[in-house]
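Peer 1: This is my_file25.txt (compact mmCIF, C-alpha atoms and all ligand atoms).
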```txt
# COMPACT_ATOMS: atom_id res chain seq x y z
CA MET I 1 -126.79 -4.52 44.96
CA ARG I 2 -123.34 -5.02 43.45
CA PHE I 3 -121.88 -8.48 43.46
CA PRO I 4 -118.18 -9.24 43.43
CA SER I 5 -117.30 -9.28 39.75
CA PHE I 6 -115.75 -12.32 38.12
CA PRO I 7 -115.17 -12.82 34.40
CA LEU I 8 -117.87 -15.33 33.57
CA TYR I 9 -118.66 -14.31 30.02
CA PRO I 10 -115.68 -12.81 28.26
CA ILE I 11 -117.42 -12.34 24.92
CA GLY I 12 -115.34 -10.29 22.49
CA THR I 13 -117.38 -7.53 20.86
CA GLY I 14 -115.77 -8.25 17.51
CA LEU I 15 -116.76 -11.87 17.77
CA ALA I 16 -120.33 -10.94 18.58
CA ILE I 17 -120.53 -8.67 15.54
CA LEU I 18 -119.07 -11.42 13.39
CA VAL I 19 -121.93 -13.73 14.25
CA LEU I 20 -124.35 -11.22 12.75
CA CYS I 21 -122.70 -11.71 9.40
CA LEU I 22 -121.54 -15.31 9.16
CA ASN I 23 -122.81 -18.73 9.93
CA PHE I 24 -120.34 -21.40 10.97
CA SER I 25 -119.35 -22.50 7.53
CA GLY I 26 -118.63 -18.85 6.75
CA THR I 27 -121.75 -18.28 4.63
CA PRO I 28 -123.61 -14.98 4.98
CA VAL I 29 -126.99 -15.55 6.63
CA PHE I 30 -128.21 -12.01 7.17
CA ALA I 31 -131.89 -12.90 7.35
CA GLN I 32 -131.44 -15.52 10.07
CA ALA I 33 -128.77 -13.58 11.96
CA ILE I 34 -131.01 -10.54 12.29
CA GLN I 35 -133.57 -12.71 14.01
CA TYR I 36 -131.17 -14.59 16.30
CA GLN I 37 -127.81 -13.51 17.57
CA ASP I 38 -126.97 -16.96 18.82
CA PRO I 39 -125.40 -19.48 18.74
CA ILE I 40 -122.56 -17.28 19.87
CA PRO I 41 -119.28 -18.81 18.63
CA ARG I 42 -116.69 -19.31 21.38
CA ASN I 43 -113.07 -19.84 20.59
CA LYS I 44 -112.36 -21.89 23.70
CA ALA I 45 -111.88 -25.59 22.96
CA ILE I 46 -113.88 -27.92 25.18
CA GLN I 47 -113.28 -31.58 25.86
CA SER I 48 -114.76 -31.93 29.32
CA ILE I 49 -118.04 -30.31 30.37
CA ALA I 50 -119.20 -30.52 33.98
CA PHE I 51 -122.61 -29.58 35.35
CA GLY I 52 -124.69 -29.67 38.49
CA SER I 53 -127.73 -28.17 40.22
CA CYS I 54 -129.48 -27.45 43.50
CA LEU I 55 -126.97 -25.61 45.63
CA ARG I 56 -127.99 -24.41 49.10
CA GLN I 57 -126.13 -21.14 49.63
CA ASN I 58 -126.19 -21.50 53.41
CA ARG I 59 -124.44 -24.89 53.43
CA PRO I 60 -120.84 -25.82 52.62
CA ALA I 61 -120.41 -26.73 48.97
CA THR I 62 -117.07 -28.54 49.04
CA ILE I 63 -118.07 -30.51 45.95
CA LEU I 64 -117.25 -27.31 44.01
CA ASN I 65 -113.60 -27.98 44.95
CA THR I 66 -113.85 -31.50 43.53
CA ILE I 67 -115.30 -30.06 40.32
CA ARG I 68 -112.51 -27.49 40.05
CA GLU I 69 -109.84 -30.12 40.69
CA SER I 70 -111.29 -32.24 37.87
CA GLN I 71 -110.44 -29.29 35.57
CA PRO I 72 -113.50 -29.15 33.32
CA ASP I 73 -113.38 -26.76 30.38
CA LEU I 74 -116.90 -25.58 31.23
CA PHE I 75 -119.19 -25.79 34.21
CA ILE I 76 -122.95 -25.37 33.76
CA PHE I 77 -125.14 -24.42 36.73
CA LEU I 78 -128.42 -26.14 35.85
CA GLY I 79 -130.71 -24.21 38.18
CA ASP I 80 -131.69 -23.92 41.84
CA ASN I 81 -128.24 -22.36 41.98
CA VAL I 82 -129.46 -20.59 45.11
CA TYR I 83 -132.60 -21.13 47.17
CA ALA I 84 -134.35 -17.77 47.06
CA ASP I 85 -138.07 -18.43 47.35
CA THR I 86 -139.07 -14.83 47.67
CA THR I 87 -140.63 -11.89 45.88
CA SER I 88 -138.27 -9.49 47.64
CA ARG I 89 -135.36 -8.20 45.55
CA ALA I 90 -133.35 -7.64 48.74
CA GLU I 91 -133.85 -11.24 49.88
CA MET I 92 -132.98 -12.66 46.48
CA ASN I 93 -129.85 -10.49 46.30
CA ALA I 94 -128.90 -11.64 49.79
CA ALA I 95 -129.15 -15.30 48.72
CA TYR I 96 -126.84 -14.66 45.75
CA SER I 97 -124.44 -12.73 47.99
CA LEU I 98 -124.05 -15.78 50.23
CA LEU I 99 -123.17 -17.87 47.19
CA ALA I 100 -120.74 -15.23 45.90
CA LYS I 101 -118.93 -15.18 49.25
CA LYS I 102 -118.24 -18.90 49.29
CA PRO I 103 -114.51 -19.49 48.75
CA GLU I 104 -115.21 -22.75 46.89
CA PHE I 105 -117.57 -20.89 44.53
CA GLN I 106 -115.08 -18.06 43.99
CA LYS I 107 -112.30 -20.51 43.18
CA LEU I 108 -114.45 -22.46 40.73
CA VAL I 109 -115.68 -19.41 38.81
CA GLY I 110 -112.20 -17.89 38.90
CA GLN I 111 -110.77 -20.85 37.08
CA THR I 112 -113.57 -22.27 34.96
CA ARG I 113 -115.76 -20.99 32.14
CA ILE I 114 -119.30 -20.84 33.53
CA HIS I 115 -122.79 -20.98 32.04
CA ALA I 116 -126.02 -20.89 34.01
CA ILE I 117 -129.74 -21.47 33.67
CA TRP I 118 -132.31 -21.22 36.42
CA ASP I 119 -134.93 -23.45 38.01
CA ASP I 120 -137.80 -22.64 40.35
CA HIS I 121 -135.87 -21.75 43.50
CA ASP I 122 -133.65 -19.15 41.84
CA TYR I 123 -136.66 -17.99 39.83
CA GLY I 124 -138.36 -17.13 43.12
CA ALA I 125 -141.03 -19.72 43.98
CA ASN I 126 -141.39 -23.48 44.19
CA ASP I 127 -142.56 -24.93 40.83
CA ALA I 128 -143.37 -21.44 39.46
CA GLY I 129 -144.03 -20.83 35.76
CA GLY I 130 -144.78 -18.00 33.32
CA ASP I 131 -147.51 -16.47 35.46
CA PHE I 132 -145.12 -15.69 38.32
CA ALA I 133 -145.42 -11.96 38.97
CA PHE I 134 -141.82 -11.50 40.18
CA ARG I 135 -140.35 -13.02 37.02
CA LYS I 136 -138.84 -9.87 35.49
CA ASP I 137 -137.19 -8.89 38.78
CA ALA I 138 -135.76 -12.39 39.16
CA GLU I 139 -134.49 -12.27 35.57
CA GLN I 140 -132.73 -8.98 36.13
CA ILE I 141 -131.09 -10.26 39.32
CA PHE I 142 -130.07 -13.53 37.62
CA LYS I 143 -128.52 -11.72 34.66
CA THR I 144 -126.69 -9.28 36.92
CA PHE I 145 -125.28 -12.00 39.15
CA TRP I 146 -124.06 -14.15 36.28
CA GLY I 147 -122.57 -11.14 34.52
CA ILE I 148 -124.70 -11.48 31.38
CA SER I 149 -126.96 -8.39 31.50
CA ASP I 150 -125.05 -6.58 28.81
CA VAL I 151 -123.92 -9.39 26.55
CA ARG I 152 -125.48 -11.02 23.55
CA PRO I 153 -127.85 -12.76 23.32
CA TYR I 154 -129.05 -12.04 26.84
CA ARG I 155 -129.25 -8.28 26.89
CA ASP I 156 -132.07 -8.00 24.33
CA ARG I 157 -133.87 -11.18 25.30
CA ASP I 158 -136.95 -11.78 27.39
CA GLY I 159 -135.96 -14.88 29.37
CA ILE I 160 -132.62 -16.58 29.98
CA TYR I 161 -132.31 -19.01 27.04
CA ALA I 162 -129.18 -18.88 24.88
CA SER I 163 -126.95 -20.95 22.64
CA PHE I 164 -123.17 -21.17 22.17
CA LEU I 165 -120.98 -22.98 19.69
CA TYR I 166 -117.70 -24.55 20.81
CA ARG I 167 -115.18 -26.91 19.26
CA THR I 168 -113.09 -29.71 20.63
CA ALA I 169 -109.33 -29.56 20.19
CA GLY I 170 -108.25 -33.14 19.49
CA LYS I 171 -106.92 -34.70 16.32
CA HIS I 172 -110.41 -34.78 14.76
CA PRO I 173 -112.21 -31.80 16.29
CA ILE I 174 -115.98 -31.64 16.35
CA LYS I 175 -118.48 -28.80 16.75
CA VAL I 176 -120.32 -28.81 20.06
CA GLN I 177 -123.41 -26.64 20.44
CA LEU I 178 -124.59 -25.80 23.93
CA ILE I 179 -128.31 -24.99 24.04
CA LEU I 180 -129.50 -23.50 27.34
CA LEU I 181 -133.28 -23.59 27.82
CA ASP I 182 -135.53 -21.42 29.98
CA THR I 183 -138.19 -23.78 31.38
CA ARG I 184 -139.66 -21.15 33.75
CA SER I 185 -140.42 -17.81 32.09
CA PHE I 186 -143.03 -18.98 29.60
CA ARG I 187 -144.29 -22.28 31.03
CA SER I 188 -148.05 -22.88 31.34
CA PRO I 189 -149.51 -24.03 34.67
CA TRP I 190 -149.17 -27.72 35.50
CA LYS I 191 -152.24 -29.89 35.85
CA THR I 192 -152.51 -30.66 39.53
CA ARG I 193 -153.47 -34.03 40.88
CA PRO I 194 -156.83 -34.03 42.73
CA TRP I 195 -156.34 -34.00 46.49
CA TRP I 196 -158.36 -37.16 46.97
CA GLN I 197 -155.97 -39.14 44.72
CA THR I 198 -153.10 -38.08 46.93
CA PHE I 199 -155.21 -38.81 50.00
CA ILE I 200 -155.99 -42.42 49.05
CA GLY I 201 -152.59 -42.97 47.45
CA ILE I 202 -153.56 -43.41 43.77
CA GLY I 203 -151.02 -42.69 41.04
CA PRO I 204 -147.41 -41.57 41.22
CA ASP I 205 -145.85 -39.54 44.03
CA GLY I 206 -145.90 -35.81 43.50
CA PRO I 207 -148.51 -33.13 42.91
CA TYR I 208 -148.88 -33.21 39.10
CA LEU I 209 -150.51 -35.22 36.33
CA PRO I 210 -149.61 -35.42 32.62
CA ASP I 211 -151.53 -32.86 30.56
CA ALA I 212 -151.91 -33.30 26.79
CA ASP I 213 -153.67 -29.94 26.32
CA PRO I 214 -152.19 -28.61 23.03
CA GLU I 215 -152.44 -25.04 24.35
CA LYS I 216 -150.02 -25.78 27.18
CA THR I 217 -146.43 -24.78 26.55
CA MET I 218 -143.10 -25.46 28.19
CA LEU I 219 -141.02 -22.88 26.32
CA GLY I 220 -143.47 -20.37 24.83
CA SER I 221 -143.74 -19.62 21.11
CA SER I 222 -140.70 -17.31 20.79
CA GLN I 223 -138.34 -19.75 22.47
CA TRP I 224 -139.73 -22.65 20.40
CA LYS I 225 -139.08 -20.72 17.15
CA TRP I 226 -135.58 -19.92 18.36
CA LEU I 227 -135.01 -23.57 19.28
CA GLU I 228 -136.11 -24.75 15.83
CA TYR I 229 -133.46 -22.48 14.39
CA GLN I 230 -130.83 -23.73 16.85
CA PHE I 231 -131.38 -27.33 15.76
CA GLN I 232 -130.63 -26.31 12.17
CA VAL I 233 -127.19 -24.99 13.05
CA GLN I 234 -124.35 -27.20 11.88
CA ALA I 235 -123.05 -29.21 14.86
CA ASP I 236 -121.82 -32.72 15.64
CA LEU I 237 -122.97 -32.82 19.25
CA ARG I 238 -125.70 -30.71 20.83
CA ILE I 239 -125.87 -30.50 24.61
CA VAL I 240 -129.36 -29.31 25.57
CA ALA I 241 -129.61 -28.05 29.16
CA SER I 242 -133.06 -28.15 30.77
CA SER I 243 -133.49 -27.41 34.46
CA ILE I 244 -136.12 -30.16 34.77
CA GLN I 245 -135.88 -33.73 33.52
CA VAL I 246 -136.58 -34.25 29.82
CA LEU I 247 -137.00 -38.00 29.43
CA SER I 248 -137.88 -39.57 32.78
CA LEU I 249 -141.26 -41.28 32.72
CA ALA I 250 -141.81 -40.63 36.43
CA ASN I 251 -144.18 -37.71 36.08
CA GLY I 252 -145.58 -36.78 39.49
CA PHE I 253 -143.12 -33.92 39.93
CA GLU I 254 -141.96 -31.27 37.44
CA THR I 255 -140.80 -32.91 34.20
CA TRP I 256 -141.27 -32.60 30.45
CA SER I 257 -143.34 -35.82 30.69
CA ASN I 258 -146.10 -33.72 32.29
CA PHE I 259 -146.53 -31.99 28.92
CA PRO I 260 -146.27 -35.04 26.63
CA MET I 261 -147.00 -33.04 23.47
CA GLU I 262 -144.22 -30.60 24.27
CA GLN I 263 -141.87 -33.48 25.03
CA GLU I 264 -142.78 -35.06 21.69
CA ARG I 265 -142.13 -31.78 19.88
CA LEU I 266 -138.68 -31.53 21.46
CA LEU I 267 -137.77 -35.11 20.58
CA GLN I 268 -139.01 -34.64 17.02
CA LEU I 269 -136.83 -31.58 16.57
CA ALA I 270 -133.86 -33.36 18.12
CA SER I 271 -134.34 -36.49 16.02
CA ARG I 272 -134.39 -34.49 12.78
CA ALA I 273 -131.29 -32.50 13.67
CA GLN I 274 -127.90 -33.34 12.26
CA GLY I 275 -125.51 -35.09 14.68
CA SER I 276 -126.14 -36.28 18.23
CA VAL I 277 -128.18 -34.68 20.99
CA VAL I 278 -127.77 -35.21 24.72
CA PHE I 279 -130.00 -33.63 27.36
CA ILE I 280 -128.69 -32.61 30.77
CA SER I 281 -130.98 -31.75 33.70
CA GLY I 282 -131.11 -31.23 37.46
CA ASP I 283 -133.83 -30.38 40.01
CA ARG I 284 -134.52 -33.81 41.50
CA HIS I 285 -132.00 -34.02 44.37
CA PHE I 286 -130.71 -37.32 43.01
CA ALA I 287 -128.82 -38.35 39.90
CA GLU I 288 -129.79 -40.78 37.17
CA VAL I 289 -129.28 -41.36 33.46
CA SER I 290 -132.34 -42.02 31.30
CA ALA I 291 -132.17 -43.26 27.71
CA ARG I 292 -134.80 -43.49 25.01
CA SER I 293 -134.69 -44.42 21.35
CA TYR I 294 -136.85 -42.20 19.17
CA GLN I 295 -137.16 -42.20 15.36
CA GLY I 296 -133.92 -44.13 14.97
CA LYS I 297 -131.86 -42.03 17.38
CA ILE I 298 -130.83 -42.69 20.97
CA PHE I 299 -131.28 -39.85 23.42
CA PHE I 300 -129.81 -39.62 26.89
CA ASP I 301 -130.93 -37.37 29.72
CA VAL I 302 -128.14 -37.06 32.27
CA THR I 303 -129.70 -35.75 35.50
CA SER I 304 -127.34 -34.39 38.16
CA SER I 305 -128.72 -33.08 41.45
CA SER I 306 -127.86 -31.98 44.11
CA LEU I 307 -124.49 -30.30 44.58
CA ASN I 308 -124.90 -30.04 48.35
CA GLN I 309 -128.40 -31.06 49.38
CA PRO I 310 -129.14 -34.61 48.24
CA LEU I 311 -132.46 -36.07 49.38
CA ASP I 312 -133.53 -39.63 48.94
CA PHE I 313 -137.24 -39.69 48.23
CA GLY I 314 -137.13 -43.48 48.05
CA ALA I 315 -137.73 -45.65 45.01
CA GLU I 316 -139.19 -43.93 41.92
CA ALA I 317 -140.18 -45.94 38.88
CA ASN I 318 -138.47 -44.67 35.75
CA PRO I 319 -138.35 -47.44 33.13
CA LEU I 320 -135.88 -45.41 31.07
CA ARG I 321 -133.27 -45.33 33.87
CA GLN I 322 -129.89 -46.82 32.93
CA GLY I 323 -128.34 -48.56 35.90
CA VAL I 324 -128.69 -47.08 39.36
CA ARG I 325 -130.01 -43.88 40.90
CA PHE I 326 -127.44 -42.01 42.99
CA ALA I 327 -128.77 -39.98 45.92
CA SER I 328 -125.65 -38.40 47.48
CA ALA I 329 -124.00 -35.11 46.47
CA ASN I 330 -122.96 -35.29 42.82
CA PHE I 331 -122.08 -33.52 39.60
CA GLY I 332 -122.28 -34.61 35.98
CA ARG I 333 -119.62 -34.73 33.33
CA ILE I 334 -119.45 -35.16 29.56
CA MET I 335 -116.05 -36.20 28.20
CA ILE I 336 -115.64 -35.93 24.43
CA HIS I 337 -113.04 -38.15 22.75
CA ASP I 338 -111.94 -36.98 19.31
CA SER I 339 -108.56 -38.62 18.77
CA THR I 340 -110.04 -40.92 16.09
CA PRO I 341 -112.14 -39.95 13.03
CA ARG I 342 -115.23 -41.33 14.81
CA TRP I 343 -115.69 -39.29 17.97
CA TRP I 344 -117.45 -40.62 21.02
CA ALA I 345 -118.57 -39.22 24.34
CA GLU I 346 -118.86 -40.48 27.89
CA PHE I 347 -121.51 -39.31 30.34
CA GLN I 348 -120.67 -39.63 34.01
CA ILE I 349 -122.20 -38.90 37.39
CA MET I 350 -119.40 -38.17 39.86
CA ASP I 351 -119.54 -38.16 43.65
CA GLU I 352 -117.99 -35.68 46.05
CA GLN I 353 -114.70 -37.63 46.03
CA GLY I 354 -114.52 -37.44 42.24
CA ASP I 355 -115.38 -41.12 41.73
CA VAL I 356 -117.65 -42.21 38.88
CA ARG I 357 -121.01 -43.53 40.16
CA ILE I 358 -123.04 -43.82 36.93
CA LYS I 359 -121.78 -43.91 33.37
CA ALA I 360 -123.03 -44.20 29.79
CA SER I 361 -121.65 -43.36 26.38
CA ILE I 362 -122.58 -42.61 22.79
CA GLY I 363 -120.68 -43.38 19.62
CA ARG I 364 -118.88 -46.40 21.01
FE FE O 401 -136.24 -27.28 41.11
```
So, in terms of structure tokens, how does the structure I just supplied come out?
Ligand SMILES: [Fe+2]
Peer 2:
Amino acid sequence: MRFPSFPLYPIGTGLAILVLCLNFSGTPVFAQAIQYQDPIPRNKAIQSIAFGSCLRQNRPATILNTIRESQPDLFIFLGDNVYADTTSRAEMNAAYSLLAKKPEFQKLVGQTRIHAIWDDHDYGANDAGGDFAFRKDAEQIFKTFWGISDVRPYRDRDGIYASFLYRTAGKHPIKVQLILLDTRSFRSPWKTRPWWQTFIGIGPDGPYLPDADPEKTMLGSSQWKWLEYQFQVQADLRIVASSIQVLSLANGFETWSNFPMEQERLLQLASRAQGSVVFISGDRHFAEVSARSYQGKIFFDVTSSSLNQPLDFGAEANPLRQGVRFASANFGRIMIHDSTPRWWAEFQIMDEQGDVRIKASIGR
């Protein structure tokens, strides 16, 4: 099925070839570049990055108008961008078609640079992982819809992970790397909580238990190798997008905390990297900001969910939560301030009216 076309990824061919030959200080890095085409350098300056998740295609999504009116330089769809729990290509295409027809969606993508990752419901099944048989079909449909089938690094890649390098445009510009993770295509099965624990109400809400099995993987070996390389790229701020929460200690539902060894590996990589790292995530149908200090660095996980289907599951203990949990429609925003030699960034959760509901910052 053909979708209405909109220019989501205007990558210049010349620019893409350039990345094969140069790193970002202009030094030839042929060996590394042959292995990884990304981060793809983008010449658009970014100061304000908005993001959100969990969009029901059969409901109004007027919050997309609020996002557009806030004029972000980028918008990142963090997964569950449609609800298409199906192994039928026709049904999945139909779900995307409903999204594509929404005027508020068309206006947003017509005016804003877009990136996207997926979560379970646009992957095709609730909480599905690497063993999902429909995965290659879902990947093809995802890449077609988002207009990335034929562009680097997506066209040669198994999975939907990718990395881009932007700059800010203030008096003291910084390099901002956007790392988009695929938490679905290669993920091992979760450890499920025994039915009797659920029955007598032991442990946290949700169907899963933490699993420290060293064989279990969140990203798979190829994506991990790629990610190690990405963290070596020169950057001042790295925004790491994961569909599911990275830091939250509430681990009954899908979260990196269910694979504590994988979470540790990610934080170790991030703590050794130059500059600052912030995680952004979705999936939960509420918003919160978690913070954790690790090996001398402070990490934030800014969770924004849902764009148009908030659900309040009631209280959930997350000792890392900063301030309140917000359970109405929301989107997230990162504002980078570079007018002074020492840059700083604000993280915000915004409501449908464009008012700030949760905020945090780094570098201030
Ligand atoms: Fe999800």
Peer 1: Find the residues near ligand FE 401 (chain O). Use a cut-off of 9 Å, count all atoms listed in the file, and write them as number ranges by chain.
Peer 2: I: 53-54, 79-80, 118-122, 126-127, 243-244, 254, 282-285
Peer 1: Which is closest to Met350 of chain I among I:Ile46, I:Leu307, I:Ile362, I:Leu266, if we use all atoms listed in the file?
Peer 2: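 Answer, going by the shortest atom-to-atom distance: I:Leu307.
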Peer 1: Have a look at I:Trp195, I:Phe331, I:Trp190, I:Tyr123 and name the one nearest to Phe77 of chain I; count all atoms listed in the file.
Peer 2: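 Counting all atoms listed in the file, the residue closest to Phe77 of chain I is I:Phe331.
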Peer 1: Would you mind telling me which residue in I:Glu91, I:Ile334, I:Arg68, I:Asp137 lies nearest to Lys107 of chain I when using all atoms listed in the file?
Peer 2: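 Of I:Glu91, I:Ile334, I:Arg68, I:Asp137, the one nearest Lys107 of chain I, counting all atoms listed in the file, is I:Arg68.
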Peer 1: Under the rule that only C-alpha atoms are counted, which of I:Val356, I:Ala138, I:Met335, I:Ala128 is the nearest residue to Pro72 of chain I?
Peer 2: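 Closest to Pro72 of chain I of all the choices is I:Met335.
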Peer 1: When you count all atoms listed in the file, which of these residues is closest to Tyr154 of chain I: I:Glu264, I:Glu69, I:Asp38, I:Glu352?
Peer 2: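 For Tyr154 of chain I, the nearest of the given residues is I:Asp38.
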Peer 1: Identify which of the residues I:Ser248, I:Gln177, I:Asn65, I:Ser257 lies closest to Asp301 of chain I, counting all atoms listed in the file when measuring atom-to-atom distances.
Peer 2: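 Of all the options, I:Ser248 lies closest to Asp301 of chain I.
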Peer 1: So how far away is atom CA of Arg357 of chain I from atom CA of Asn318 of chain I, in Å?
Peer 2: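 Atom-to-atom, atom CA of Asn318 of chain I and atom CA of Arg357 of chain I are spaced 18.0 Å apart.
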Peer 1: If we count all atoms listed in the file, what is near Ala250 of chain I at a cut-off of 10 Å, once residues fewer than 5 positions away on the same chain are taken out, given as a VMD selection string?
Peer 2: chain I and resid 204 to 206 245 255 257 to 258 316 to 320
Peer 1: Sorted by chain and rising residue number, which residues of segment 156-214 of chain I lie within 7 Å of segment 230-237 of chain I, and what are their closest atom pairs and distances in Å to one decimal, counting all atoms listed in the file, as CSV?
Peer 2:
```
residue,atom,partner,partner_atom,distance
I:Ile174,CA,I:Asp236,CA,6.0
I:Lys175,CA,I:Ala235,CA,5.0
I:Val176,CA,I:Leu237,CA,4.9
I:Gln177,CA,I:Ala235,CA,6.2
```
Peer 1: For Lys136 of chain I, work out the shell of residues within 12 Å, counting all atoms listed in the file and skipping chain neighbours fewer than 2 positions away, then give it as a ChimeraX atom specification.
Peer 2: /I:87,89,123-124,130-134,138-143,157-160,184-186
Peer 1: To one decimal place in Å, what is the distance between atom CA of Trp146 of chain I and atom CA of Gly170 of chain I?
Peer 2: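 Separation between atom CA of Trp146 of chain I and atom CA of Gly170 of chain I: 29.9 Å.
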Peer 1: Would you place a box with edges along x, y and z of the file around all atoms of segment 346-362 of chain I listed there, add 8 Å to each of its six sides, and report the centre and edge lengths in Å to one decimal, as lines of an AutoDock Vina configuration file?
Peer 2:
```
center_x = -118.8
center_y = -39.9
center_z = 34.4
size_x = 24.5
size_y = 24.5
size_z = 39.3
```
Peer 1: One decimal, Å: what's the distance from atom CA of Thr217 of chain I over to atom CA of Arg187 of chain I, could you say?
Peer 2: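 These two atoms are separated by 5.6 Å.
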Peer 1: Could you write segment 238-252 of chain I as a PDB file, in the coordinates of the input, with N, CA, C and O atoms rebuilt where they are missing?
Peer 2:
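To be explicit, this is the file written out as rebuild.pdb:
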```pdb
ATOM      1  N   ARG I 238    -124.946 -31.788  20.183  1.00  0.00           N
ATOM      2  CA  ARG I 238    -125.700 -30.710  20.830  1.00  0.00           C
ATOM      3  C   ARG I 238    -125.982 -31.124  22.267  1.00  0.00           C
ATOM      4  O   ARG I 238    -126.537 -32.208  22.504  1.00  0.00           O
ATOM      5  N   ILE I 239    -125.574 -30.272  23.195  1.00  0.00           N
ATOM      6  CA  ILE I 239    -125.870 -30.500  24.610  1.00  0.00           C
ATOM      7  C   ILE I 239    -127.007 -29.560  24.959  1.00  0.00           C
ATOM      8  O   ILE I 239    -126.857 -28.335  24.883  1.00  0.00           O
ATOM      9  N   VAL I 240    -128.164 -30.126  25.286  1.00  0.00           N
ATOM     10  CA  VAL I 240    -129.360 -29.310  25.570  1.00  0.00           C
ATOM     11  C   VAL I 240    -129.598 -29.323  27.074  1.00  0.00           C
ATOM     12  O   VAL I 240    -129.869 -30.378  27.658  1.00  0.00           O
ATOM     13  N   ALA I 241    -129.462 -28.156  27.704  1.00  0.00           N
ATOM     14  CA  ALA I 241    -129.610 -28.050  29.160  1.00  0.00           C
ATOM     15  C   ALA I 241    -131.028 -27.613  29.505  1.00  0.00           C
ATOM     16  O   ALA I 241    -131.492 -26.558  29.072  1.00  0.00           O
ATOM     17  N   SER I 242    -131.709 -28.452  30.291  1.00  0.00           N
ATOM     18  CA  SER I 242    -133.060 -28.150  30.770  1.00  0.00           C
ATOM     19  C   SER I 242    -133.031 -28.277  32.286  1.00  0.00           C
ATOM     20  O   SER I 242    -132.508 -29.262  32.805  1.00  0.00           O
ATOM     21  N   SER I 243    -133.569 -27.307  33.003  1.00  0.00           N
ATOM     22  CA  SER I 243    -133.490 -27.410  34.460  1.00  0.00           C
ATOM     23  C   SER I 243    -134.210 -28.659  34.960  1.00  0.00           C
ATOM     24  O   SER I 243    -133.758 -29.324  35.879  1.00  0.00           O
ATOM     25  N   ILE I 244    -135.353 -28.983  34.328  1.00  0.00           N
ATOM     26  CA  ILE I 244    -136.120 -30.160  34.770  1.00  0.00           C
ATOM     27  C   ILE I 244    -135.898 -31.326  33.818  1.00  0.00           C
ATOM     28  O   ILE I 244    -135.495 -31.137  32.670  1.00  0.00           O
ATOM     29  N   GLN I 245    -136.180 -32.529  34.291  1.00  0.00           N
ATOM     30  CA  GLN I 245    -135.880 -33.730  33.520  1.00  0.00           C
ATOM     31  C   GLN I 245    -136.650 -33.754  32.198  1.00  0.00           C
ATOM     32  O   GLN I 245    -137.824 -33.391  32.139  1.00  0.00           O
ATOM     33  N   VAL I 246    -135.980 -34.224  31.152  1.00  0.00           N
ATOM     34  CA  VAL I 246    -136.580 -34.250  29.820  1.00  0.00           C
ATOM     35  C   VAL I 246    -137.217 -35.605  29.526  1.00  0.00           C
ATOM     36  O   VAL I 246    -138.318 -35.680  28.988  1.00  0.00           O
ATOM     37  N   LEU I 247    -136.545 -36.683  29.882  1.00  0.00           N
ATOM     38  CA  LEU I 247    -137.000 -38.000  29.430  1.00  0.00           C
ATOM     39  C   LEU I 247    -137.723 -38.823  30.488  1.00  0.00           C
ATOM     40  O   LEU I 247    -138.588 -39.628  30.145  1.00  0.00           O
ATOM     41  N   SER I 248    -137.358 -38.680  31.742  1.00  0.00           N
ATOM     42  CA  SER I 248    -137.880 -39.570  32.780  1.00  0.00           C
ATOM     43  C   SER I 248    -139.389 -39.768  32.641  1.00  0.00           C
ATOM     44  O   SER I 248    -140.132 -38.823  32.385  1.00  0.00           O
ATOM     45  N   LEU I 249    -139.830 -40.994  32.821  1.00  0.00           N
ATOM     46  CA  LEU I 249    -141.260 -41.280  32.720  1.00  0.00           C
ATOM     47  C   LEU I 249    -141.968 -41.170  34.071  1.00  0.00           C
ATOM     48  O   LEU I 249    -143.175 -41.384  34.173  1.00  0.00           O
ATOM     49  N   ALA I 250    -141.202 -40.845  35.113  1.00  0.00           N
ATOM     50  CA  ALA I 250    -141.810 -40.630  36.430  1.00  0.00           C
ATOM     51  C   ALA I 250    -142.351 -39.197  36.433  1.00  0.00           C
ATOM     52  O   ALA I 250    -141.588 -38.239  36.422  1.00  0.00           O
ATOM     53  N   ASN I 251    -143.660 -39.042  36.386  1.00  0.00           N
ATOM     54  CA  ASN I 251    -144.180 -37.710  36.080  1.00  0.00           C
ATOM     55  C   ASN I 251    -145.006 -37.066  37.193  1.00  0.00           C
ATOM     56  O   ASN I 251    -145.810 -36.183  36.954  1.00  0.00           O
ATOM     57  N   GLY I 252    -144.823 -37.441  38.418  1.00  0.00           N
ATOM     58  CA  GLY I 252    -145.580 -36.780  39.490  1.00  0.00           C
ATOM     59  C   GLY I 252    -145.045 -35.402  39.824  1.00  0.00           C
ATOM     60  O   GLY I 252    -145.784 -34.525  40.263  1.00  0.00           O
TER      61      GLY I 252
END
```
